[in-house]
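Here the structure is laid out as structure tokens; the discussion comes afterwards.
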Amino acid sequence: MSSLQFNSLLLDISNQLTEKQLEDLKFLCGDMLGKRELEKISSGVRLFQVLTERMKLGADNTDCLSRFLTQIQRQDLAERLESFESQADLSDVLPDKEERDKLGIATEVIVENLGKNWRKMGRRLGLTEVKIDSISKRHPTDLEETTRELLKEWRRSQGAQARTQELIQALRACMLNRTADLVEDSLPSC
């Protein structure tokens with residue numbers, strides 16, 4: 001995704017913020033920016049520029065802003081930001097066909113067996129709390145769809161480095177050995 005597209009998204013987010021929400025965002029950024037600098041900021045665009053200059057915000061680094069938007073009760077804007085980052089991740093190179101096939105098999109086994117432990121698994125795979133909460137809100141009552149979405153987000157974040165073995169290790173680290181065994185048993189022998 002181009003920087004123009006990212007800046008357009010930030011401009012749109014800025015335009016949707018109320019004055020109170022901007023003040024709340026500035027408050028949350030207090031540890032990153034000095035008091036004098038915060039006093040000079042009068043728009044979301046300026047806040048985003050400063051965060052970008054400080055390397056706290058970028059097309060591939062939206063977690064901080066996304067978390068802050070969630071904290072000021074603007075989950076809708078946080079989801080748009082996450083969606084942009086996910087689309088940018090789609091341009092990454094995919095694993096080879098053999099590994100993609102294994103990941104597909106592992107995904108189906110995990111979806112059928114993970115259940116309520118999906119949050120623990122997501123944290124173990126390195127997904128942020130913001131992404132986990134966003135997944136939860138998209139599928140509040142369907143554990144299988146929640147797990148499928150979780151694994152899709154993980155695969156996007158890993159790109160070509162996504163490996164079935166990493167999923168198995170994460171399952172074992174979460175003490176979900178039975179599910180890890182089922183994944184291993186379902187994979188074709190090499």
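In the structure tokens, chains take the letters A, B, ... in the order shown, each chain's residues start at 1, and ligands count up from 1 in the order shown.
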
(message) What's around Ser136 (chain A) at 12 Å? Count only C-alpha atoms, leave out sequence neighbours fewer than 2 positions away in its own chain, and write the answer as a VMD selection string.
(response) chain A and resid 75 79 116 118 to 119 122 129 to 134 138 to 150

(message) For Arg74 (chain A), find every residue with an atom within 12 Å (counting only C-alpha atoms), except residues of its own chain fewer than 5 positions away, and show them as a list in words.
(response)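 Returned residues: Ile13, Ser14, Gln16, Leu17, Thr18, Gln21, Leu22, Asp24, Leu25, Leu65, Ser66, Arg67, Phe68, Leu69, Glu79, Arg80, Leu81 and Ser134 of chain A.
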
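Compared by their closest atoms to Asn113 (chain A), and using only C-alpha atoms, the residues A:Ser42, A:Thr52, A:Gln165, A:Asn177 rank with A:Asn177 nearest.
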
(request) May I ask which of the residues A:Arg178, A:Arg54, A:Arg155, A:Arg123 is the closest one to Ile110 (chain A), counting only C-alpha atoms? (result) A:Arg178

(request) Run DSSP on the backbone of this structure and report the residues of region 13-179 of chain A it assigns to helix (DSSP H, G or I), as a PyMOL selection string. (result) chain A and resi 13-16+19-28+35-40+44-53+63-71+75-89+97-113+115-124+129-138+143-161+164-173+177-179
